[in-house]
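J.: To be precise about what I am sending: the file is called protein_7.pdb and holds PDB, C-alpha atoms and all ligand atoms.
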```pdb
ATOM      1  CA  MET A   1       0.000   0.000   0.000
ATOM      2  CA  ARG A   2       1.191   3.505  -0.818
ATOM      3  CA  ILE A   3       0.194   6.043   1.820
ATOM      4  CA  ALA A   4       0.355   9.690   0.821
ATOM      5  CA  ARG A   5      -0.458  12.991   2.460
ATOM      6  CA  PHE A   6      -2.091  15.474   0.154
ATOM      7  CA  THR A   7      -4.205  18.542  -0.237
ATOM      8  CA  ALA A   8      -7.015  18.997  -2.711
ATOM      9  CA  GLY A   9      -7.040  22.703  -1.904
ATOM     10  CA  GLU A  10      -8.173  22.451   1.684
ATOM     11  CA  ASP A  11      -6.751  20.918   4.871
ATOM     12  CA  PRO A  12      -4.128  18.183   4.410
ATOM     13  CA  GLN A  13      -5.437  14.615   4.408
ATOM     14  CA  TYR A  14      -3.925  11.161   4.214
ATOM     15  CA  GLY A  15      -4.805   8.813   1.415
ATOM     16  CA  VAL A  16      -3.965   5.540  -0.305
ATOM     17  CA  VAL A  17      -2.576   5.841  -3.822
ATOM     18  CA  ALA A  18      -3.988   3.240  -6.215
ATOM     19  CA  GLY A  19      -2.601   2.674  -9.698
ATOM     20  CA  ASP A  20       0.466   1.246 -11.372
ATOM     21  CA  LEU A  21       3.910   2.828 -11.501
ATOM     22  CA  ASP A  22       5.875   2.853 -14.719
ATOM     23  CA  GLN A  23       9.538   1.815 -14.902
ATOM     24  CA  TYR A  24      10.531   5.332 -13.843
ATOM     25  CA  GLY A  25       8.349   5.213 -10.757
ATOM     26  CA  GLN A  26       5.769   7.605 -12.159
ATOM     27  CA  PRO A  27       2.118   6.724 -11.571
ATOM     28  CA  ASP A  28      -0.090   6.180 -14.589
ATOM     29  CA  GLU A  29      -2.611   8.827 -15.657
ATOM     30  CA  ASP A  30      -5.515   7.013 -14.082
ATOM     31  CA  ALA A  31      -3.942   6.780 -10.617
ATOM     32  CA  VAL A  32      -6.194   7.920  -7.821
ATOM     33  CA  VAL A  33      -5.810   8.715  -4.158
ATOM     34  CA  VAL A  34      -8.517   7.399  -1.825
ATOM     35  CA  ALA A  35      -8.825   9.596   1.257
ATOM     36  CA  LEU A  36      -8.346   8.188   4.758
ATOM     37  CA  ALA A  37      -9.974   9.158   8.035
ATOM     38  CA  GLY A  38      -7.133  10.569  10.124
ATOM     39  CA  ASP A  39      -3.470   9.667  10.263
ATOM     40  CA  PRO A  40      -2.999   5.938   9.564
ATOM     41  CA  LEU A  41       0.021   5.866  11.878
ATOM     42  CA  TYR A  42      -2.295   6.418  14.816
ATOM     43  CA  VAL A  43      -5.746   5.220  13.754
ATOM     44  CA  GLY A  44      -4.949   2.555  11.156
ATOM     45  CA  VAL A  45      -6.113   2.603   7.554
ATOM     46  CA  LYS A  46      -9.758   3.711   7.411
ATOM     47  CA  LEU A  47     -10.833   4.379   3.835
ATOM     48  CA  LEU A  48     -13.354   7.123   3.172
ATOM     49  CA  GLU A  49     -15.712   7.186   0.209
ATOM     50  CA  GLN A  50     -13.772  10.073  -1.245
ATOM     51  CA  GLU A  51     -11.454   9.742  -4.192
ATOM     52  CA  HIS A  52      -9.375  12.182  -6.218
ATOM     53  CA  ARG A  53      -7.338  11.805  -9.363
ATOM     54  CA  LEU A  54      -3.726  11.819  -8.237
ATOM     55  CA  ALA A  55      -3.017  14.418 -10.925
ATOM     56  CA  ASP A  56      -5.525  16.786  -9.295
ATOM     57  CA  VAL A  57      -4.000  16.897  -5.805
ATOM     58  CA  ARG A  58      -0.774  18.268  -4.410
ATOM     59  CA  LEU A  59       1.284  15.707  -2.530
ATOM     60  CA  LEU A  60       2.802  16.801   0.798
ATOM     61  CA  ALA A  61       5.520  15.200   2.906
ATOM     62  CA  PRO A  62       3.958  11.780   3.603
ATOM     63  CA  VAL A  63       4.877  11.855   7.281
ATOM     64  CA  LEU A  64       5.507  14.562   9.834
ATOM     65  CA  PRO A  65       8.220  13.103  12.068
ATOM     66  CA  ARG A  66       6.898  13.346  15.582
ATOM     67  CA  SER A  67      10.290  13.818  17.159
ATOM     68  CA  LYS A  68      13.271  13.286  14.882
ATOM     69  CA  VAL A  69      14.955  12.371  11.655
ATOM     70  CA  VAL A  70      17.988  10.182  12.321
ATOM     71  CA  GLY A  71      20.610  10.332   9.603
ATOM     72  CA  ILE A  72      23.218   7.643   9.000
ATOM     73  CA  GLY A  73      26.518   8.801   7.541
ATOM     74  CA  ARG A  74      28.964   6.879   5.355
ATOM     75  CA  ASN A  75      26.801   3.792   4.911
ATOM     76  CA  TYR A  76      27.953   3.100   1.337
ATOM     77  CA  ALA A  77      31.689   2.383   0.961
ATOM     78  CA  ALA A  78      32.039   4.242  -2.351
ATOM     79  CA  HIS A  79      30.478   7.383  -0.855
ATOM     80  CA  ALA A  80      32.707   7.264   2.249
ATOM     81  CA  ALA A  81      35.694   6.989  -0.091
ATOM     82  CA  GLU A  82      34.659   9.883  -2.337
ATOM     83  CA  LEU A  83      34.730  12.249   0.653
ATOM     84  CA  GLY A  84      38.038  10.822   1.877
ATOM     85  CA  ASN A  85      36.520   8.985   4.850
ATOM     86  CA  ASP A  86      36.981   5.455   6.129
ATOM     87  CA  VAL A  87      33.986   3.164   6.496
ATOM     88  CA  PRO A  88      32.850   3.471  10.139
ATOM     89  CA  ALA A  89      33.124   0.460  12.474
ATOM     90  CA  GLU A  90      29.556   1.051  13.651
ATOM     91  CA  PRO A  91      26.732   3.203  12.238
ATOM     92  CA  LEU A  92      27.516   6.926  12.329
ATOM     93  CA  MET A  93      24.424   8.768  13.562
ATOM     94  CA  PHE A  94      23.320  12.374  13.391
ATOM     95  CA  LEU A  95      20.005  14.200  13.736
ATOM     96  CA  LYS A  96      18.074  16.454  11.406
ATOM     97  CA  PRO A  97      15.315  18.524  13.018
ATOM     98  CA  ASN A  98      11.760  17.646  12.017
ATOM     99  CA  THR A  99      11.433  21.262  10.838
ATOM    100  CA  SER A 100      13.785  20.415   7.944
ATOM    101  CA  VAL A 101      11.077  18.258   6.316
ATOM    102  CA  VAL A 102       9.360  19.447   3.132
ATOM    103  CA  GLY A 103       7.314  17.599   0.538
ATOM    104  CA  PRO A 104       7.488  16.707  -3.156
ATOM    105  CA  GLY A 105       7.842  19.785  -5.337
ATOM    106  CA  ASP A 106       8.623  22.094  -2.432
ATOM    107  CA  PRO A 107      11.714  24.261  -2.885
ATOM    108  CA  ILE A 108      15.017  23.475  -1.230
ATOM    109  CA  PHE A 109      16.158  26.899  -0.069
ATOM    110  CA  TYR A 110      19.821  27.744  -0.611
ATOM    111  CA  PRO A 111      20.949  29.399   2.645
ATOM    112  CA  PRO A 112      23.287  32.399   2.493
ATOM    113  CA  GLN A 113      25.634  30.763   5.041
ATOM    114  CA  THR A 114      26.872  28.124   2.561
ATOM    115  CA  SER A 115      28.490  28.128  -0.838
ATOM    116  CA  ASN A 116      28.375  24.342  -1.317
ATOM    117  CA  LEU A 117      24.840  22.975  -1.128
ATOM    118  CA  GLN A 118      24.700  19.263  -2.026
ATOM    119  CA  TYR A 119      22.077  16.581  -2.682
ATOM    120  CA  GLU A 120      22.173  13.107  -1.072
ATOM    121  CA  GLY A 121      19.528  10.712  -2.381
ATOM    122  CA  GLU A 122      18.541   8.154   0.273
ATOM    123  CA  LEU A 123      16.161   5.409   1.274
ATOM    124  CA  ALA A 124      14.212   6.451   4.394
ATOM    125  CA  VAL A 125      12.645   4.056   6.910
ATOM    126  CA  VAL A 126       9.481   5.269   8.649
ATOM    127  CA  ILE A 127       9.029   3.964  12.181
ATOM    128  CA  GLY A 128       5.527   2.726  13.018
ATOM    129  CA  ARG A 129       5.487   2.355  16.786
ATOM    130  CA  ILE A 130       7.196   3.445  19.942
ATOM    131  CA  CYS A 131      10.215   1.255  20.537
ATOM    132  CA  ARG A 132      13.650   0.962  22.106
ATOM    133  CA  ASP A 133      16.318  -1.731  22.224
ATOM    134  CA  VAL A 134      14.811  -3.454  19.181
ATOM    135  CA  PRO A 135      16.674  -6.691  18.333
ATOM    136  CA  PRO A 136      17.578  -6.848  14.619
ATOM    137  CA  GLU A 137      15.363  -9.894  14.117
ATOM    138  CA  GLN A 138      12.333  -7.889  15.313
ATOM    139  CA  ALA A 139      13.069  -4.734  13.318
ATOM    140  CA  THR A 140      10.327  -5.453  10.781
ATOM    141  CA  ASP A 141       7.738  -5.198  13.570
ATOM    142  CA  VAL A 142       8.494  -1.515  14.154
ATOM    143  CA  ILE A 143       8.622  -0.410  10.502
ATOM    144  CA  HIS A 144       5.625   1.453   9.099
ATOM    145  CA  GLY A 145       7.081   1.689   5.602
ATOM    146  CA  TYR A 146       9.638   3.269   3.314
ATOM    147  CA  THR A 147       9.937   6.528   1.468
ATOM    148  CA  ILE A 148      12.535   8.601  -0.370
ATOM    149  CA  ALA A 149      14.586  11.369   1.217
ATOM    150  CA  ASN A 150      17.078  13.933   0.041
ATOM    151  CA  ASP A 151      19.555  14.476   2.896
ATOM    152  CA  VAL A 152      20.452  17.993   1.745
ATOM    153  CA  THR A 153      23.811  19.051   3.161
ATOM    154  CA  ALA A 154      25.853  22.255   3.273
ATOM    155  CA  ARG A 155      29.140  20.448   2.640
ATOM    156  CA  ASP A 156      31.377  23.355   3.612
ATOM    157  CA  LEU A 157      29.611  23.802   6.951
ATOM    158  CA  GLN A 158      29.732  20.050   7.584
ATOM    159  CA  LYS A 159      33.527  20.220   7.322
ATOM    160  CA  SER A 160      34.009  23.457   9.253
ATOM    161  CA  ASP A 161      31.564  22.765  12.100
ATOM    162  CA  VAL A 162      32.591  19.179  12.974
ATOM    163  CA  GLN A 163      29.043  18.708  14.343
ATOM    164  CA  PHE A 164      26.567  18.123  11.494
ATOM    165  CA  THR A 165      23.669  20.028  13.073
ATOM    166  CA  ARG A 166      23.879  23.234  11.062
ATOM    167  CA  ALA A 167      25.058  21.600   7.815
ATOM    168  CA  LYS A 168      22.116  19.168   7.790
ATOM    169  CA  GLY A 169      19.510  21.134   9.710
ATOM    170  CA  PHE A 170      18.312  24.141   7.738
ATOM    171  CA  ASP A 171      14.616  24.398   6.938
ATOM    172  CA  SER A 172      13.872  22.498   3.690
ATOM    173  CA  PHE A 173      16.953  20.234   4.017
ATOM    174  CA  CYS A 174      14.860  17.048   4.249
ATOM    175  CA  PRO A 175      12.557  16.635   1.249
ATOM    176  CA  LEU A 176      10.444  13.474   1.667
ATOM    177  CA  GLY A 177       8.061  11.591  -0.569
ATOM    178  CA  PRO A 178       6.241  10.983  -2.728
ATOM    179  CA  TRP A 179       4.476   8.500  -0.412
ATOM    180  CA  ILE A 180       5.179   5.691   2.067
ATOM    181  CA  GLU A 181       5.284   2.172   0.637
ATOM    182  CA  THR A 182       4.232  -0.294   3.331
ATOM    183  CA  ASP A 183       4.482  -3.557   1.386
ATOM    184  CA  LEU A 184       8.274  -3.917   1.181
ATOM    185  CA  ASP A 185      10.568  -5.344   3.813
ATOM    186  CA  PRO A 186      14.282  -5.153   4.672
ATOM    187  CA  ASP A 187      15.057  -8.228   2.544
ATOM    188  CA  ASP A 188      13.785  -6.437  -0.574
ATOM    189  CA  PHE A 189      16.371  -3.739   0.013
ATOM    190  CA  ALA A 190      19.129  -6.177   1.002
ATOM    191  CA  LYS A 191      18.605  -7.896  -2.358
ATOM    192  CA  GLY A 192      19.054  -4.518  -4.036
ATOM    193  CA  ARG A 193      16.822  -1.636  -5.070
ATOM    194  CA  ARG A 194      18.270   0.958  -7.382
ATOM    195  CA  VAL A 195      18.784   4.446  -5.899
ATOM    196  CA  GLN A 196      19.281   7.176  -8.479
ATOM    197  CA  THR A 197      19.599  10.928  -8.311
ATOM    198  CA  HIS A 198      19.112  13.133 -11.367
ATOM    199  CA  LEU A 199      20.246  16.755 -11.409
ATOM    200  CA  ASN A 200      18.529  18.711 -14.192
ATOM    201  CA  GLY A 201      17.869  15.371 -15.900
ATOM    202  CA  ASP A 202      21.431  14.027 -15.712
ATOM    203  CA  VAL A 203      22.175  10.921 -13.622
ATOM    204  CA  VAL A 204      24.539  11.940 -10.813
ATOM    205  CA  GLN A 205      24.048   9.078  -8.332
ATOM    206  CA  ASP A 206      23.353   5.485  -9.322
ATOM    207  CA  GLY A 207      23.599   3.001  -6.477
ATOM    208  CA  THR A 208      21.803   0.032  -5.001
ATOM    209  CA  THR A 209      20.570  -0.635  -1.498
ATOM    210  CA  ALA A 210      22.370  -4.000  -1.737
ATOM    211  CA  ASP A 211      25.515  -1.969  -0.981
ATOM    212  CA  LEU A 212      24.349  -0.663   2.404
ATOM    213  CA  ILE A 213      27.179  -1.382   4.850
ATOM    214  CA  PHE A 214      24.789  -1.633   7.813
ATOM    215  CA  ASP A 215      21.444  -3.074   6.782
ATOM    216  CA  ILE A 216      18.045  -1.810   7.933
ATOM    217  CA  PRO A 217      17.608  -4.175  10.912
ATOM    218  CA  THR A 218      21.107  -3.321  12.132
ATOM    219  CA  LEU A 219      20.376   0.408  11.866
ATOM    220  CA  ILE A 220      17.103   0.111  13.801
ATOM    221  CA  ALA A 221      18.795  -1.954  16.506
ATOM    222  CA  HIS A 222      21.666   0.496  16.751
ATOM    223  CA  VAL A 223      19.594   3.680  16.823
ATOM    224  CA  SER A 224      17.004   2.252  19.230
ATOM    225  CA  SER A 225      19.772   1.175  21.622
ATOM    226  CA  VAL A 226      20.510   4.882  22.027
ATOM    227  CA  MET A 227      17.148   6.646  21.783
ATOM    228  CA  THR A 228      13.492   5.704  21.923
ATOM    229  CA  LEU A 229      11.898   5.850  18.478
ATOM    230  CA  LEU A 230       8.374   7.198  18.094
ATOM    231  CA  PRO A 231       5.770   6.592  15.379
ATOM    232  CA  GLY A 232       6.639   8.768  12.402
ATOM    233  CA  ASP A 233      10.326   9.071  13.224
ATOM    234  CA  LEU A 234      12.620   8.472  10.274
ATOM    235  CA  ILE A 235      15.944   6.788   9.724
ATOM    236  CA  LEU A 236      17.766   7.935   6.575
ATOM    237  CA  THR A 237      19.961   5.031   5.545
ATOM    238  CA  GLY A 238      22.828   6.915   3.884
ATOM    239  CA  THR A 239      23.667   7.978   0.359
ATOM    240  CA  PRO A 240      25.489   6.194  -2.474
ATOM    241  CA  ALA A 241      28.475   7.730  -4.273
ATOM    242  CA  GLY A 242      28.097  10.724  -6.558
ATOM    243  CA  VAL A 243      27.166  13.540  -4.195
ATOM    244  CA  GLY A 244      27.677  16.986  -5.640
ATOM    245  CA  PRO A 245      26.591  20.605  -5.651
ATOM    246  CA  MET A 246      23.235  22.139  -6.539
ATOM    247  CA  GLU A 247      22.611  25.726  -7.611
ATOM    248  CA  VAL A 248      19.594  27.995  -7.453
ATOM    249  CA  GLY A 249      17.342  27.106 -10.373
ATOM    250  CA  ASP A 250      18.358  23.449 -10.441
ATOM    251  CA  GLU A 251      15.900  20.587 -10.179
ATOM    252  CA  VAL A 252      16.897  17.471  -8.231
ATOM    253  CA  GLU A 253      15.074  14.152  -8.469
ATOM    254  CA  VAL A 254      15.733  11.101  -6.284
ATOM    255  CA  SER A 255      14.170   7.824  -7.372
ATOM    256  CA  ILE A 256      14.181   4.397  -5.760
ATOM    257  CA  GLU A 257      13.041   1.281  -7.569
ATOM    258  CA  GLY A 258       9.557   0.369  -6.408
ATOM    259  CA  LEU A 259       9.087   3.537  -4.365
ATOM    260  CA  GLY A 260       8.697   6.225  -7.022
ATOM    261  CA  SER A 261      10.508   9.529  -7.305
ATOM    262  CA  LEU A 262      10.887  12.756  -5.363
ATOM    263  CA  THR A 263      11.561  16.005  -7.220
ATOM    264  CA  ASN A 264      12.414  19.399  -5.748
ATOM    265  CA  PRO A 265      13.598  22.709  -7.199
ATOM    266  CA  VAL A 266      16.389  24.708  -5.581
ATOM    267  CA  ALA A 267      15.449  28.296  -4.767
ATOM    268  CA  ALA A 268      17.138  31.338  -3.260
ATOM    269  CA  ARG A 269      16.283  31.913   0.363
TER     270      ARG A 269
HETATM  271 MG    MG B 301      23.198  11.438   4.053
END
```
Show how you would write the structure in this file as structure tokens.
Ligand code: MG

T.:
Amino acid sequence: MRIARFTAGEDPQYGVVAGDLDQYGQPDEDAVVVALAGDPLYVGVKLLEQEHRLADVRLLAPVLPRSKVVGIGRNYAAHAAELGNDVPAEPLMFLKPNTSVVGPGDPIFYPPQTSNLQYEGELAVVIGRICRDVPPEQATDVIHGYTIANDVTARDLQKSDVQFTRAKGFDSFCPLGPWIETDLDPDDFAKGRRVQTHLNGDVVQDGTTADLIFDIPTLIAHVSSVMTLLPGDLILTGTPAGVGPMEVGDEVEVSIEGLGSLTNPVAAR
């Protein structure tokens, strides 16, 4: 099931997207979104007799993280190498504030404090229930679903600050979407799902989730051994090689096989 958050011109609602995706992850013309009563994270999936053409609504970030977005750094060997870093011995964690989240089509604002704004296309895991100290073999029980994230980073500030908070934390630095896919599981990603980023139509990242150094169950176990996870919290699983700069006026698209694609323009702040 694909769970989206959308507006048809009025208050945001949740809905289930029905229709096939093409090979590029784009829904077909006839795709519809069936509205839900309330937030399915808290009240389950309750379909309403209310349906819109997907083309007629505006999709919003499919989840509002209740407390946090946990980022994982250097979780693909080729990406660690391209920035001159070793592969970490255990998952490298950082936080992005939930105020950094924006939705499909929303602008990524280029802050005046940086001169090196970069994209990082990533698979994001959405947590479905309150949990801590989750054993890897029970990780699937706490997963609500999967979506696509762009872990936007001010690379110069990341280097100069040591702490990642400012470099990863500006408003609009966590585009999410287009929806949450609930029917996949960690094995699907361990087997390999293609992760691609296009900048103005050119392929700039082309990786596979089979290359994750620490897999999804390991990440959930590791993060939840440190902090309690709440429904709607996110774990961004790291980015493949090919990170690079974006400029005002660019358009960045992250796509993951089976999940769809997430496109955002870059705008001056
Ligand atoms: Mg990242």

J.: Residue by residue, what does the PyMOL selection byres (((not hetatm)) within 12 of (chain B and resi 301)) grab here? Present the result as a PyMOL selection string.

T.: chain A and resi 69-76+79-80+92-96+118-124+148-155+158+164+167-169+173-174+235-243

J.: I need the residue nearest Asp28 of chain A from this list: A:Leu219, A:Asp202, A:Gly260, A:Glu137. Use only C-alpha atoms for the distance.

T.: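 Using only C-alpha atoms, the shortest distance to Asp28 of chain A belongs to A:Gly260.
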
J.: When distances are computed from all atoms listed in the file, which of A:Glu253, A:Asp30, A:Asp183, A:Glu247 shows the smallest separation from Ser115 of chain A?

T.: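 Result for the nearest residue to Ser115 of chain A: A:Glu247.
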
J.: Would you write out, as a list in words, every residue that the PyMOL selection byres (((chain A and resi 246) around 10) and not hetatm) captures in this file?

T.: Ile108, Tyr110, Ser115, Asn116, Leu117, Gln118, Tyr119, Val152, Leu199, Asn200, Val243, Gly244, Pro245, Glu247, Val248, Gly249, Asp250, Glu251, Val252, Pro265 and Val266 of chain A

J.: Grab the atom CA of Arg193 of chain A to atom CA of Arg129 of chain A distance for me, in Å with one decimal place.

T.: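 Those two atoms sit 24.9 Å apart.
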
J.: Once the PyMOL selection byres (((chain A and resi 98-100) around 8) and not hetatm) has been evaluated on this model, what residues remain selected, and can you format them as a VMD selection string?

T.: chain A and resid 64 to 69 96 to 97 101 to 102 169 to 175

J.: What is the distance between atom CA of Val134 of chain A and atom CA of Ser225 of chain A, in Å to one decimal?

T.: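 One can read the atom CA of Val134 of chain A to atom CA of Ser225 of chain A distance as 7.2 Å.
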
J.: One decimal, in Å: what's the spacing between atom CA of Thr218 of chain A and atom CA of Pro104 of chain A?

T.: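 It comes out at 28.6 Å.
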
J.: Taking all atoms of segment 235-247 of chain A that the file lists, what box with edges along x, y and z, padded by 8 Å per side, do you get, with centre and edge lengths in Å to one decimal, as AutoDock Vina command-line options?

T.:
```
--center_x 22.2 --center_y 15.4 --center_z 1.1 --size_x 28.5 --size_y 36.7 --size_z 33.3
```

J.: Per residue of segment 96-204 of chain A within 10 Å of segment 42-59 of chain A, which atom pair is closest and at what distance in Å (one decimal), using only C-alpha atoms, listed by chain and increasing number, as a tab-separated table?

T.:
```
residue	atom	partner	partner_atom	distance
A:Gly103	CA	A:Leu59	CA	7.0
A:Pro104	CA	A:Leu59	CA	6.3
A:Gly105	CA	A:Leu59	CA	8.2
A:Asp106	CA	A:Leu59	CA	9.7
A:Gly128	CA	A:Tyr42	CA	8.8
A:Arg129	CA	A:Tyr42	CA	9.0
A:Gly177	CA	A:Leu59	CA	8.2
A:Pro178	CA	A:Leu59	CA	6.9
A:Trp179	CA	A:Leu59	CA	8.2
```

J.: For Pro112 of chain A, which residue among A:Leu83, A:Asp188, A:His222, A:Leu157 is the nearest when counting all atoms listed in the file?

T.: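 Among the listed residues, A:Leu157 lies closest to Pro112 of chain A.
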
J.: From the set A:Ser255, A:Asn85, A:Gln13, A:Thr140, which residue has the shortest atom-to-atom contact distance to Asp206 of chain A, counting only C-alpha atoms?

T.: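 Closest to Asp206 of chain A, using only C-alpha atoms: A:Ser255.
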